[in-house]
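Reading through the structure tokens given below for one structure.
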Amino acid sequence: MMTSASTQHATTALQQQIADLHARWPEAIVDNQRAEQFLTELSDQIDLFLRILWPATFTGQAIALVAVGGYGRREQFPHSDIDLLILIDDHRWDEPIHTFLYALWDEGLPIGHAVRTIDECIVAGKEDVTVYTNLLDARLITGDTALFDAMTKVIRSDQITQDWPFFLAKMAEQNQRYEAQDSMGARIEPNIKESPGGLRDLQTIRWIGNRVTQAGTLAAMHRAELLRDQEWQALEAAQGFLFRVRIGLHALAGRGEERLLLMHQKALAAHFQFTADDDGNLAVEHFMQEYFRATIEVERLNLLILQNFREQLDPHPVTRILPINPRFQIRGHLLETTDAQVFMRAPTAMLELFLLLAMRPELRGMSASTARQLRANLSVIDAGFRRNPHAHQLFLSILRVEQGVYRALKAMNLSGVLAAYIPAFGEIVGLMQFDLFHAYTVDAHTLLVIRNLRRLSRPEFTAELPFAAAVFQRVEQPEILYLAGLFHDIAKGRGGDHALLGAVDAHDFGVQHRLPAATILRLSWLVEHHLLMSFTAQRRDIDDPAIIREFALKVGSLARLDDLYLLTVADIRATNPNLWNSWRDALLKRLHQLTHAWFREGEQSAQETIAATRADAQRQGIATGLPAPGLHDWLTALPDDYFLRTDLGPILHHAQLALSQPLPLLWISSDPDQHATKILILAADHPALFAHIVAEIDRAGLNVQSANLTLIASSQPDQPDRALFEFFVLGGQGTPMLDPWSLDHLAAHIRARLAHPDSPAATVSRRTTPQLASLDVATQIEFMTDAVRQRTLIQISTKDRPGLLADLTDAFAQSGIFLRHARISTLGERVEDAFYVVDAQDQSIEKPEILGKLETALRAAIHSWYR
């Protein structure tokens with residue numbers, strides 16, 4: 001028996017050994033073998049630690065200390081819980097057990113525990129499949145061997161569950177887990193355990209193998225012929241890589257962190273010795289591509305092996321076969337080949353398989369044997385296969401089916417067939433972009449674009465985007481749209497302009513597949529210009545007729561306008577679930593409508609538009625009851641360009657407010673159907689007022705999406721000029737409407753600011769996020785002259801941060817620069833803002849020395865927050 005002093009000495013020594021082992025984690029992630037040795041050694045050291053603290057009074061008694069879960073598998077990660085079962089014959093040991101557990105907690109061990117008899121294990125296992133699953137990994141640390149063996153015998157029997165119910169329970173767990181992740185493992189910050197293709201997928205395979213054949217490791221499953229040679233090797237490689245990543249993740253986070261956060265991705269990439277390449281791909285992007293490709297392999301093999309288990313364990317197997325053709329038949333709800341040589345005899349049947357799956361929505365997928373044949377024969381998709389006209393016909397037919405296009409392409413991607421058929425697509429599989437804008441890997445994003453396009457074609461989804469759905473009904477050959485979606489980002493990661501390179505790939509695909517010349521031109525143009533509409537809508541003043549004319553001339557036709565609009569909507573919605581909102585929806589819709597009108601009605605001169613709009617406003621304003629003299633004076637005072645960028649409805653609304661309320665005037669919309677909260681202010685002009693109002697909006701946690709400033713010159717020398725401000729803002733989560741309290745709070749602060757325009761600007765105290773802190777964005781400032789409207793366009797791309805817009809507008813005010821219009825666009829961690837400004841004489845700014853000083857001031861404002 002060890003004395004208290006000797007126990008303390010031994011535990012102190014072991015704690016130091018464990019700490020030393022933790023510190024050696026960089027060595028453990030060098031290769032898969034060292035990672036597995038690290039986990040085993042850590043488990044063994046914890047075993048020794050627990051044996052030392054195990055009370056001597058338990059010796060020879062019916063009580064056992066049992067490791068379960070990952071610790072039971074000897075896969076203990078640095079900061080994972082140490083899962084223990086204290087197995088007892090009855091509860092007379094409760095008090096000394098509690099003393100033992102308190103001793104473990106006092107030593108700082110992260111213990112997860114249960115104290116149960118065998119009968120209680122049976123009850124708990126029946127009630128909760130996770131309890132039973134943990135017991136499958138049970139391993140005796142110390143104590144009564146006979147009691148442990150008795151429990152093991154019960155676990156291996158059918159007293160708690162049977163093979164088929166256990167399989168169904170684990171499948172239900174996995175389905176719930178997938179649903180929680182939107183069946184999407186390819187997210188920018190994946191969960192290494194829970195995301196599709198993560199460690200849970202591997203463990204699910206092993207748990208079922210353990211239950212069915214007592215094969216608890218991949219090697220044991222291979223020996224039991226549950227895994228074929230290549231499957232075993234692929235899973236071992238993926239598991240080893242994921243083990244290495246998780247060891248490093250725990251070590252860097254200093255806790256049991258399972259999310260592969262951006263700030264940890266960069267550090268892990270360095271530890272894994274990845275480097276940047278000449279095409280501009282970062283080390284972290286190479287690291288994450290290897291990670292995602294490992295999880296894709298796990299996911300595809302998980303589905304294959306679980307399907308094989310289903311077919312073996314189902315107590316009521318389907319025997320009825322429905323022949324389709326000489327190559328395929330249906331068994332139950334699964335598609336299968338008629339024999340094992342089908343893909344060798346008829347290689348194009350590999351595409352026919354997915355066409356049949358798309359055409360028959362009642363099918364759940366393919367049989368395990370067919371999936372294995374497909375995997376084994378991928379190499380037949382070679383250059384000759386890709387030149388085969390029958391293969392071309394089959395692939396295009398997949399894109400033309402009534403339903404199931406996305407399902408088929410997703411299955412083709414997961415199986416590796418899509419990358420084999422279009423090798424360029426294989427280069428973007430698992431490719432991530434290290435930013436907050438792109439939430440998915442490039443291949444996952446690409447398929448989501450096609451899914452979004454497909455949803456626009458389906459009547460059951462019309463309510464999501466009614467306008468876009470109506471536009472889709474005009475589109476001829478929608479499969480060309482799907483191809484544009486497939487190729488629009490296919491050149492990401494190659495260096496150069498991915499839109500131009502992708503257009504070349506799309507053109508070559510069209511030529512190879514013998515598409516008509518006009519169709520090839522349509523496809524390649526769409527890919528090359530797929531960013532044009534989003535750029536124009538979000539960074540240009542689309543209420544300027546000159547911008548609409550410029551955009552329309554680039555687009556060239558109504559048919560192209562429809563194509564580009566639909567592709568843009570689908571692309572933005574597939575980029576990031578937080579990116580699409582009613583404001584962007586409204587922007588794109590308005591750009592489409594204005595351009596559509598330009599094509600239909602022809603071009604009208606600016607002076608004609610101004611005169612006609614003024615006259616319409618006077619006539620309709622009087623008809624609604626506005627006083628004719630006051631309305632005439634108001635409309636006359638407004639500058640000409642106001643009528644070029646303002647629709648009749650807002651013009652009348654502005655007039656009604658101006659003629660009915662004293663200055664300063666504040667109006668905030670409360671219409672739930674609005675795409676953004678609109679703030680309208682009419683006040684005496686003040687050079688710093690715009691910046692101060694922006695600071696108040698920013699301090700309220702709101703995001704300005706667009707802003708207009710109209711300067712109204714006074715006709716009386718003793719009266720100040722007036723300024724009409726329009727802001728469109730969204731809530732912090734992109735919500736268009738604010739709650740009543742927030743509206744009242746914002747209004748009170750803006751009124752206070754209007755009453756005291758000379759007081760200092762509000763201070764923004766919001767903190768940045770760890771995500772933003774881990775990302776680097778270069779600042780770019782570009783000046784362009786709008787000679788027609790005598791304005792200077794300043795385009796700023798930089799890293800987002802709290803208070804940025806307020807600081808930029810303050811820099812304009814301090815530099816004697818006056819803002820006329822702003823378009824604000826936040827793309828993840830990056831902002832791309834466009835400001836239309838003039839000098840004190842209401843003219844564009846052209847002198848290089850003034851522009852140079854302004855750029856210096858703007859850069860100082862951008863970076864002042866970091867000092």
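Note on naming: chains are A, B, ... as they come in the structure tokens, residues start from 1 per chain, ligands start from 1 in the order shown.
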| Filtered DSSP result for stretch 253-358 of chain A, state helix (DSSP H, G or I), as a ChimeraX atom specification | /A:253,262-271,283-313,342-345,349-358
Kindly export the residues of the current selection with C-alpha atoms, as a tab-separated table (two decimals), in the first residue's frame.
```tsv
chain	number	residue	atom	x	y	z
A	253	ALA	CA	-6.80	26.19	-28.15
A	262	LEU	CA	-9.81	30.46	-38.64
A	263	MET	CA	-7.35	31.61	-36.00
A	264	HIS	CA	-6.26	28.00	-35.43
A	265	GLN	CA	-6.18	27.06	-39.12
A	266	LYS	CA	-3.26	29.38	-39.85
A	267	ALA	CA	-1.23	28.09	-36.91
A	268	LEU	CA	-1.92	24.47	-37.80
A	269	ALA	CA	-0.94	25.06	-41.42
A	270	ALA	CA	2.44	26.28	-40.20
A	271	HIS	CA	2.89	23.29	-37.88
A	283	ALA	CA	-0.48	27.86	-46.84
A	284	VAL	CA	-3.68	27.67	-44.80
A	285	GLU	CA	-5.70	27.05	-47.97
A	286	HIS	CA	-3.47	24.10	-48.89
A	287	PHE	CA	-3.81	22.73	-45.36
A	288	MET	CA	-7.58	23.05	-45.37
A	289	GLN	CA	-7.87	21.47	-48.81
A	290	GLU	CA	-6.07	18.40	-47.48
A	291	TYR	CA	-8.39	18.45	-44.48
A	292	PHE	CA	-11.53	18.69	-46.59
A	293	ARG	CA	-10.36	16.00	-49.00
A	294	ALA	CA	-9.79	13.69	-46.02
A	295	THR	CA	-13.32	14.35	-44.75
A	296	ILE	CA	-14.80	13.84	-48.23
A	297	GLU	CA	-13.11	10.42	-48.35
A	298	VAL	CA	-14.47	9.57	-44.90
A	299	GLU	CA	-17.97	10.68	-45.85
A	300	ARG	CA	-18.08	8.68	-49.08
A	301	LEU	CA	-16.74	5.52	-47.39
A	302	ASN	CA	-18.99	6.02	-44.40
A	303	LEU	CA	-22.04	5.99	-46.67
A	304	LEU	CA	-20.77	2.98	-48.61
A	305	ILE	CA	-19.95	0.90	-45.54
A	306	LEU	CA	-23.16	1.81	-43.71
A	307	GLN	CA	-25.13	0.83	-46.79
A	308	ASN	CA	-23.30	-2.50	-46.77
A	309	PHE	CA	-24.19	-2.97	-43.09
A	310	ARG	CA	-27.81	-2.14	-43.87
A	311	GLU	CA	-27.99	-4.77	-46.58
A	312	GLN	CA	-26.33	-7.40	-44.36
A	313	LEU	CA	-28.31	-6.68	-41.19
A	342	VAL	CA	-20.93	-3.65	-66.22
A	343	PHE	CA	-18.59	-0.66	-65.91
A	344	MET	CA	-15.78	-2.55	-67.62
A	345	ARG	CA	-18.01	-3.60	-70.53
A	349	ALA	CA	-22.78	3.34	-67.68
A	350	MET	CA	-20.98	5.24	-64.89
A	351	LEU	CA	-22.78	8.38	-66.08
A	352	GLU	CA	-25.97	6.50	-66.91
A	353	LEU	CA	-26.11	5.43	-63.26
A	354	PHE	CA	-26.49	9.05	-62.11
A	355	LEU	CA	-28.96	9.85	-64.87
A	356	LEU	CA	-31.18	7.02	-63.64
A	357	LEU	CA	-30.86	8.23	-60.05
A	358	ALA	CA	-31.93	11.71	-61.15
```
| request: Compile the contact shell of stretch 641-653 of chain A as a ChimeraX atom specification: residues with an atom at most 7 Å away, counting only C-alpha atoms, same-chain residues fewer than 5 positions apart removed. | output: /A:543-545,609-610,613,617,621,710
| message | What does the structure give for the distance between atom CA of A:His91 and atom CA of A:Ser4, in Å to one decimal? | response |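 So the answer is 26.1 Å.
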| said: Can you tell me, as a ChimeraX atom specification, which residues in stretch 711-782 of chain A count as strand (DSSP E or B) by DSSP? | reply: /A:711-712,722-730,780-782
| field | Shortest interatomic distance to A:Val704 - which of A:Arg600, A:Arg751, A:Arg823, A:His9, counting only C-alpha atoms | value |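 Of all the options, A:Arg823 lies closest to A:Val704.
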| field | Shell around stretch 714-717 of chain A at 10 Å using only C-alpha atoms, local window under 6 positions removed, as a list in words | value | Asp633, Ala637 and Leu638 of chain A
| field | atom CA of A:Leu858 to atom CA of A:Gln841, straight-line distance in Å | value | 20.9 Å
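Pairwise distance (atom CA of A:Leu65, atom CA of A:Gln8) equals 20.2 Å.
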| What's the 6 Å shell around stretch 484-493 of chain A, counting only C-alpha atoms, without same-chain residues fewer than 5 positions away, as a PyMOL selection string? | chain A and resi 425+446+449-450+498+501-502+523+527
Neighbouring residues of A:Gln795 were defined as those with any atom within 8 Å, considering only C-alpha atoms; residues of the same chain fewer than 2 positions away were excluded. Please report them as an mmCIF file with N, CA, C and O atoms, in the first residue's frame.
```cif
data_model
loop_
_atom_site.group_PDB
_atom_site.id
_atom_site.type_symbol
_atom_site.label_atom_id
_atom_site.label_comp_id
_atom_site.auth_asym_id
_atom_site.auth_seq_id
_atom_site.Cartn_x
_atom_site.Cartn_y
_atom_site.Cartn_z
ATOM 1 N N ARG A 539 -21.597 48.339 -55.959
ATOM 2 C CA ARG A 539 -20.516 49.325 -55.883
ATOM 3 C C ARG A 539 -20.702 50.511 -56.823
ATOM 4 O O ARG A 539 -19.848 51.401 -56.843
ATOM 5 N N GLN A 780 -7.108 48.981 -50.400
ATOM 6 C CA GLN A 780 -6.976 49.525 -51.754
ATOM 7 C C GLN A 780 -7.914 50.719 -51.884
ATOM 8 O O GLN A 780 -9.098 50.635 -51.530
ATOM 9 N N ILE A 781 -7.402 51.815 -52.386
ATOM 10 C CA ILE A 781 -8.197 53.026 -52.602
ATOM 11 C C ILE A 781 -8.010 53.451 -54.059
ATOM 12 O O ILE A 781 -6.879 53.616 -54.526
ATOM 13 N N GLU A 782 -9.117 53.634 -54.747
ATOM 14 C CA GLU A 782 -9.065 53.977 -56.166
ATOM 15 C C GLU A 782 -9.959 55.191 -56.423
ATOM 16 O O GLU A 782 -11.079 55.285 -55.913
ATOM 17 N N PHE A 783 -9.459 56.134 -57.220
ATOM 18 C CA PHE A 783 -10.210 57.345 -57.565
ATOM 19 C C PHE A 783 -10.570 57.308 -59.050
ATOM 20 O O PHE A 783 -9.726 56.999 -59.898
ATOM 21 N N LEU A 793 -15.573 59.391 -57.928
ATOM 22 C CA LEU A 793 -15.906 58.107 -57.311
ATOM 23 C C LEU A 793 -14.667 57.595 -56.582
ATOM 24 O O LEU A 793 -13.592 57.454 -57.180
ATOM 25 N N SER A 797 -11.532 49.364 -50.646
ATOM 26 C CA SER A 797 -11.606 47.958 -50.228
ATOM 27 C C SER A 797 -10.630 47.791 -49.068
ATOM 28 O O SER A 797 -9.436 48.067 -49.204
ATOM 29 N N GLU A 832 -16.253 46.703 -49.325
ATOM 30 C CA GLU A 832 -15.998 47.299 -50.630
ATOM 31 C C GLU A 832 -16.990 48.440 -50.777
ATOM 32 O O GLU A 832 -18.136 48.238 -51.193
ATOM 33 N N ASP A 833 -16.549 49.631 -50.391
ATOM 34 C CA ASP A 833 -17.423 50.794 -50.333
ATOM 35 C C ASP A 833 -17.145 51.733 -51.497
ATOM 36 O O ASP A 833 -15.993 51.888 -51.928
ATOM 37 N N ALA A 834 -18.208 52.351 -51.982
ATOM 38 C CA ALA A 834 -18.089 53.322 -53.068
ATOM 39 C C ALA A 834 -18.666 54.652 -52.591
ATOM 40 O O ALA A 834 -19.799 54.707 -52.104
ATOM 41 N N PHE A 835 -17.870 55.706 -52.725
ATOM 42 C CA PHE A 835 -18.293 57.039 -52.287
ATOM 43 C C PHE A 835 -18.214 57.995 -53.476
ATOM 44 O O PHE A 835 -17.183 58.086 -54.147
#
```
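Nearest residue to A:Glu257 among A:Gly143, A:Gly108, A:Pro423, A:Pro78 is A:Pro78, counting only C-alpha atoms.
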| request: Can you work out which one of A:Leu689, A:Leu702, A:Leu531, A:Met221 has the shortest atom-to-atom distance to A:Ala752, counting only C-alpha atoms? | output: A:Leu689
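Closest approach to A:Arg522 from the set A:Leu561, A:Ala10, A:Val68, A:Met412 is made by A:Leu561, with distances taken over only C-alpha atoms.
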